[in-house]
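Structure below is entry-v8.cif: mmCIF, C-alpha atoms.
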```cif
data_work
loop_
_atom_site.label_atom_id
_atom_site.label_comp_id
_atom_site.auth_asym_id
_atom_site.auth_seq_id
_atom_site.Cartn_x
_atom_site.Cartn_y
_atom_site.Cartn_z
CA MET A 1 42.62 -13.03 25.97
CA GLU A 2 39.27 -11.51 26.91
CA ARG A 3 37.08 -9.72 24.42
CA TYR A 4 35.48 -6.50 25.45
CA ALA A 5 32.25 -5.15 24.08
CA PRO A 6 32.60 -1.73 22.51
CA ARG A 7 31.57 1.12 24.73
CA ALA A 8 28.31 2.88 23.98
CA ARG A 9 28.62 6.46 22.88
CA SER A 10 27.52 9.00 25.39
CA ASP A 11 26.32 11.71 23.00
CA ALA A 12 22.78 12.10 21.66
CA TYR A 13 23.50 10.22 18.42
CA GLY A 14 25.13 7.15 19.93
CA ARG A 15 21.87 5.35 20.56
CA ARG A 16 20.60 5.80 16.99
CA ILE A 17 23.67 4.92 14.94
CA ASN A 18 24.14 1.40 13.59
CA ARG A 19 20.93 0.01 15.02
CA THR A 20 18.72 -2.56 13.33
CA HIS A 21 14.97 -2.50 13.01
CA SER A 22 12.58 -5.19 14.15
CA PRO A 23 12.18 -7.71 11.31
CA LEU A 24 8.69 -8.63 12.50
CA VAL A 25 7.44 -5.05 12.44
CA ALA A 26 9.22 -4.32 9.15
CA THR A 27 7.56 -7.30 7.50
CA VAL A 28 4.07 -7.18 8.99
CA LEU A 29 3.28 -3.44 9.08
CA PRO A 30 2.72 -2.94 5.31
CA TRP A 31 0.39 -5.95 5.19
CA LEU A 32 -1.56 -4.71 8.22
CA THR A 33 -2.07 -1.24 6.74
CA ILE A 34 -3.46 -2.74 3.53
CA LEU A 35 -5.75 -5.06 5.49
CA ALA A 36 -6.93 -2.13 7.63
CA GLY A 37 -7.62 -0.20 4.44
CA SER A 38 -9.79 -3.07 3.21
CA ILE A 39 -11.83 -3.03 6.42
CA LEU A 40 -12.15 0.78 6.63
CA PRO A 41 -15.01 1.26 4.09
CA VAL A 42 -17.24 -0.97 6.24
CA PHE A 43 -17.49 1.82 8.82
CA PHE A 44 -18.83 4.48 6.44
CA MET A 45 -22.52 5.14 5.93
CA ALA A 46 -24.08 3.49 2.91
CA THR A 47 -25.39 5.87 0.26
CA ALA A 48 -27.21 5.42 -3.02
CA LEU A 49 -24.02 6.08 -4.98
CA PRO A 50 -20.57 4.61 -4.30
CA VAL A 51 -18.54 7.47 -2.87
CA VAL A 52 -16.01 5.76 -0.61
CA PRO A 53 -12.95 4.70 -2.59
CA PRO A 54 -11.43 1.24 -2.19
CA PHE A 55 -8.99 2.14 0.59
CA GLY A 56 -7.36 -1.30 0.63
CA PHE A 57 -6.54 -1.06 -3.07
CA LEU A 58 -5.41 2.53 -2.58
CA MET A 59 -3.01 1.41 0.16
CA LEU A 60 -1.75 -1.44 -2.02
CA LEU A 61 -1.02 1.03 -4.82
CA ALA A 62 0.66 3.43 -2.42
CA TRP A 63 2.90 0.74 -0.92
CA ARG A 64 3.74 -0.59 -4.38
CA LEU A 65 4.64 2.83 -5.75
CA VAL A 66 6.35 4.32 -2.69
CA ARG A 67 8.35 1.16 -1.82
CA PRO A 68 8.53 -0.83 -5.09
CA GLY A 69 10.44 -3.89 -3.91
CA LEU A 70 8.77 -4.34 -0.56
CA LEU A 71 5.71 -6.43 -1.41
CA PRO A 72 6.23 -9.60 -3.43
CA ILE A 73 4.37 -10.08 -6.70
CA TRP A 74 2.15 -12.78 -5.19
CA ALA A 75 0.91 -10.39 -2.47
CA GLY A 76 -2.11 -9.52 -4.63
CA LEU A 77 -3.58 -12.96 -4.06
CA PRO A 78 -3.87 -13.05 -0.23
CA LEU A 79 -4.57 -9.33 0.08
CA GLY A 80 -7.21 -9.51 -2.65
CA LEU A 81 -8.75 -12.53 -0.95
CA PHE A 82 -9.05 -10.57 2.30
CA ASP A 83 -10.53 -7.59 0.45
CA ASP A 84 -13.08 -9.85 -1.28
CA LEU A 85 -14.30 -10.96 2.13
CA PHE A 86 -15.02 -7.39 3.27
CA SER A 87 -15.83 -5.44 0.11
CA GLY A 88 -19.02 -7.19 -0.98
CA GLN A 89 -17.63 -7.74 -4.47
CA PRO A 90 -18.01 -11.20 -6.04
CA PHE A 91 -15.45 -13.59 -4.64
CA GLY A 92 -12.30 -13.58 -6.74
CA SER A 93 -12.67 -10.15 -8.31
CA ALA A 94 -10.12 -8.45 -6.05
CA ILE A 95 -7.86 -11.50 -6.22
CA LEU A 96 -7.79 -11.24 -10.00
CA LEU A 97 -7.52 -7.46 -10.24
CA TRP A 98 -5.00 -6.98 -7.41
CA SER A 99 -2.77 -9.74 -8.78
CA ALA A 100 -2.94 -8.23 -12.27
CA VAL A 101 -2.01 -4.81 -10.88
CA MET A 102 0.97 -6.23 -8.99
CA ILE A 103 2.20 -7.99 -12.13
CA GLY A 104 1.59 -4.86 -14.23
CA PHE A 105 3.56 -2.62 -11.89
CA GLU A 106 6.38 -5.16 -11.79
CA VAL A 107 6.59 -4.98 -15.59
CA LEU A 108 6.40 -1.17 -15.42
CA ASP A 109 9.24 -1.05 -12.88
CA ARG A 110 11.44 -3.15 -15.13
CA ARG A 111 10.74 -0.96 -18.17
CA ILE A 112 10.84 2.43 -16.41
CA PRO A 113 12.86 2.07 -13.19
CA TRP A 114 12.92 5.81 -12.49
CA ARG A 115 9.70 7.76 -12.12
CA THR A 116 8.61 10.95 -10.46
CA PHE A 117 5.73 11.24 -8.04
CA LEU A 118 3.61 12.90 -10.73
CA GLN A 119 4.14 9.90 -13.02
CA ASP A 120 3.25 7.56 -10.15
CA TRP A 121 0.12 9.59 -9.46
CA LEU A 122 -0.90 9.43 -13.13
CA ALA A 123 -0.23 5.68 -13.23
CA ALA A 124 -2.21 5.19 -10.01
CA SER A 125 -5.07 7.28 -11.43
CA ALA A 126 -5.22 5.16 -14.58
CA VAL A 127 -5.07 1.94 -12.57
CA LEU A 128 -7.75 3.19 -10.16
CA ALA A 129 -10.03 4.06 -13.07
CA GLY A 130 -9.51 0.65 -14.62
CA TYR A 131 -9.95 -1.11 -11.29
CA LEU A 132 -13.20 0.67 -10.44
CA PHE A 133 -14.61 0.07 -13.92
CA LEU A 134 -13.67 -3.62 -13.99
CA ALA A 135 -14.89 -4.16 -10.42
CA PHE A 136 -18.14 -2.48 -11.45
CA LEU A 137 -18.51 -4.83 -14.42
CA LEU A 138 -17.55 -7.92 -12.40
CA SER A 139 -20.15 -7.07 -9.77
CA GLY A 140 -22.87 -7.19 -12.42
CA GLY A 141 -23.40 -3.45 -12.78
CA ASP A 142 -25.14 -2.04 -15.83
CA SER A 143 -22.52 -0.65 -18.18
CA GLY A 144 -24.83 2.13 -19.35
CA SER A 145 -24.12 5.81 -18.92
CA ALA A 146 -25.94 6.08 -15.58
CA GLY A 147 -23.73 3.41 -14.04
CA LEU A 148 -20.57 4.99 -15.34
CA ILE A 149 -21.61 8.44 -14.12
CA ALA A 150 -22.22 6.96 -10.69
CA LEU A 151 -18.56 5.84 -10.57
CA GLY A 152 -17.35 9.41 -11.13
CA PRO A 153 -17.39 10.69 -7.52
CA GLN A 154 -15.75 7.52 -6.22
CA LEU A 155 -13.01 7.72 -8.85
CA LEU A 156 -12.42 11.43 -8.27
CA PHE A 157 -12.24 10.91 -4.50
CA ALA A 158 -9.79 8.01 -4.95
CA ILE A 159 -7.52 10.02 -7.28
CA VAL A 160 -7.51 13.00 -4.92
CA LEU A 161 -6.75 10.74 -1.93
CA PHE A 162 -3.76 9.01 -3.53
CA PRO A 163 -1.18 11.63 -2.43
CA ALA A 164 -2.51 11.39 1.14
CA ALA A 165 -2.26 7.60 0.99
CA ALA A 166 1.31 7.85 -0.34
CA GLY A 167 2.18 10.28 2.46
CA LEU A 168 0.65 7.92 5.02
CA VAL A 169 2.65 5.05 3.57
CA ALA A 170 5.86 7.12 3.76
CA MET A 171 5.12 7.94 7.41
CA VAL A 172 4.32 4.31 8.25
CA ASP A 173 7.47 3.26 6.40
CA ARG A 174 9.58 5.48 8.67
CA LEU A 175 7.77 3.93 11.64
CA ARG A 176 8.36 0.47 10.14
CA LEU A 177 12.10 1.00 10.07
CA PHE A 178 12.30 2.55 13.52
CA ARG A 179 14.32 0.64 16.10
CA TRP A 180 11.74 -0.92 18.41
CA LEU A 181 13.87 -2.73 20.97
CA ALA A 182 16.54 -0.83 22.83
CA ALA A 183 19.90 -2.56 23.02
#
```

Serialized structure, structure tokens:
Amino acid sequence: MERYAPRARSDAYGRRINRTHSPLVATVLPWLTILAGSILPVFFMATALPVVPPFGFLMLLAWRLVRPGLLPIWAGLPLGLFDDLFSGQPFGSAILLWSAVMIGFEVLDRRIPWRTFLQDWLAASAVLAGYLFLAFLLSGGDSGSAGLIALGPQLLFAIVLFPAAAGLVAMVDRLRLFRWLAA
């Protein structure tokens, strides 16, 4: 007895129903956006004060908060290593801080599995403030009031940009799950 393949639907929805996404694109795209975010500050003009937020860390936070189970806990190590190569921070600072943030959000997800976007934004703001302060201290910055005041614009810009980063991650996530190869 011969087996016949099911006929394709002829309406507009037949090509989109029950299709799978590309595993390569679904796996690699989040990592590439974080790596691109780590490289992005290199292209901005240097100023006397740090104004450009850490886009790689911002993208890591956005991916971790928008899609909690997507990146493994150990992702902070290789992504932080790549960021250390481009950020100018002492080697190992992003590895340590990014790994600690990934572990911290894993613990937070287990304790509070449901959160709103406002709670995620507040958590990201607190983590961004801690990250910028600790990165400042690890880079050998003076912990006096002038150094802390200089971090203000960078922190404010990073907090304001988080919703845009989360929106970009949501858009890239839809693109990530799009069917790339036609059957």

With 3 Å added on each side, what axis-aligned box encloses every listed atom of stretch 120-133 of chain A? Give the centre and edge lengths in Å to one decimal, as lines of an AutoDock Vina configuration file.
```
center_x = -5.7
center_y = 4.2
center_z = -12.0
size_x = 23.9
size_y = 16.7
size_z = 11.2
```

TODO: List the residues matched by the PyMOL selection byres ((chain A and resi 159-174) around 8) in the displayed structure as an MDAnalysis selection string, ordered by chain and then by residue number.
DONE: chainID A and resid 29:30 58:59 62:63 66 121 124:125 128 155:158 175:178

Open item on the list: Please compute the atom CA of A:Asp84-atom CA of A:Gln119 distance, one decimal, in Å.
Closed with: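 Computing it gives 28.7 Å between the two atoms.
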
Task: Best match for closeness to A:Ala146 among A:Ile34, A:Leu97, A:Leu49, A:Val42, counting all atoms listed in the file - done: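 With all atoms listed in the file as the atom set, the closest residue is A:Leu49.
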
Task: For atom CA of A:Leu35 and atom CA of A:Leu151, the interatomic separation in Å (one decimal) - done: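 Going from atom CA of A:Leu35 over to atom CA of A:Leu151, I get 23.3 Å.
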
Task: the PyMOL selection byres ((chain A and resi 138) around 10) resolved against shown file, as a PyMOL selection string - done: chain A and resi 89-94+132-137+139-141

Open item on the list: Using Å and a single decimal, report how far atom CA of A:Leu96 sits from atom CA of A:Leu77.
Closed with: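 Separation between atom CA of A:Leu77 and atom CA of A:Leu96: 7.5 Å.
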
Quick one: everything within 10 Å of A:Gly37, counting all atoms listed in the file, minus sequence neighbours fewer than 2 positions away in the same chain. Send it as a PDB file with C-alpha atoms, keeping the file's coordinate frame.
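The new file part_4.pdb reads:
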```pdb
ATOM      1  CA  TRP A  31       0.390  -5.950   5.190  1.00  0.00           C
ATOM      2  CA  LEU A  32      -1.560  -4.710   8.220  1.00  0.00           C
ATOM      3  CA  THR A  33      -2.070  -1.240   6.740  1.00  0.00           C
ATOM      4  CA  ILE A  34      -3.460  -2.740   3.530  1.00  0.00           C
ATOM      5  CA  LEU A  35      -5.750  -5.060   5.490  1.00  0.00           C
ATOM      6  CA  ILE A  39     -11.830  -3.030   6.420  1.00  0.00           C
ATOM      7  CA  LEU A  40     -12.150   0.780   6.630  1.00  0.00           C
ATOM      8  CA  PRO A  41     -15.010   1.260   4.090  1.00  0.00           C
ATOM      9  CA  VAL A  42     -17.240  -0.970   6.240  1.00  0.00           C
ATOM     10  CA  PRO A  54     -11.430   1.240  -2.190  1.00  0.00           C
ATOM     11  CA  PHE A  55      -8.990   2.140   0.590  1.00  0.00           C
ATOM     12  CA  GLY A  56      -7.360  -1.300   0.630  1.00  0.00           C
ATOM     13  CA  PHE A  57      -6.540  -1.060  -3.070  1.00  0.00           C
ATOM     14  CA  LEU A  58      -5.410   2.530  -2.580  1.00  0.00           C
ATOM     15  CA  MET A  59      -3.010   1.410   0.160  1.00  0.00           C
ATOM     16  CA  LEU A  60      -1.750  -1.440  -2.020  1.00  0.00           C
ATOM     17  CA  ASP A  83     -10.530  -7.590   0.450  1.00  0.00           C
TER      18      ASP A  83
END
```

TODO: Give as a list of chain:residue names the residues that the PyMOL selection byres ((chain A and resi 103) around 12) matches when applied to the coordinates above.
DONE: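 For this structure, the PyMOL selection byres ((chain A and resi 103) around 12) captures A:Arg64, A:Pro68, A:Leu71, A:Pro72, A:Ile73, A:Trp74, A:Ala75, A:Gly76, A:Leu77, A:Leu96, A:Leu97, A:Trp98, A:Ser99, A:Ala100, A:Val101, A:Met102, A:Gly104, A:Phe105, A:Glu106, A:Val107, A:Leu108, A:Asp109, A:Arg110.
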
Task: Nearest-residue call for A:Gly147, choices A:Arg67, A:Val25, A:Pro50, A:Arg115, using only C-alpha atoms - done: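 The answer is A:Pro50, which sits nearest to A:Gly147.
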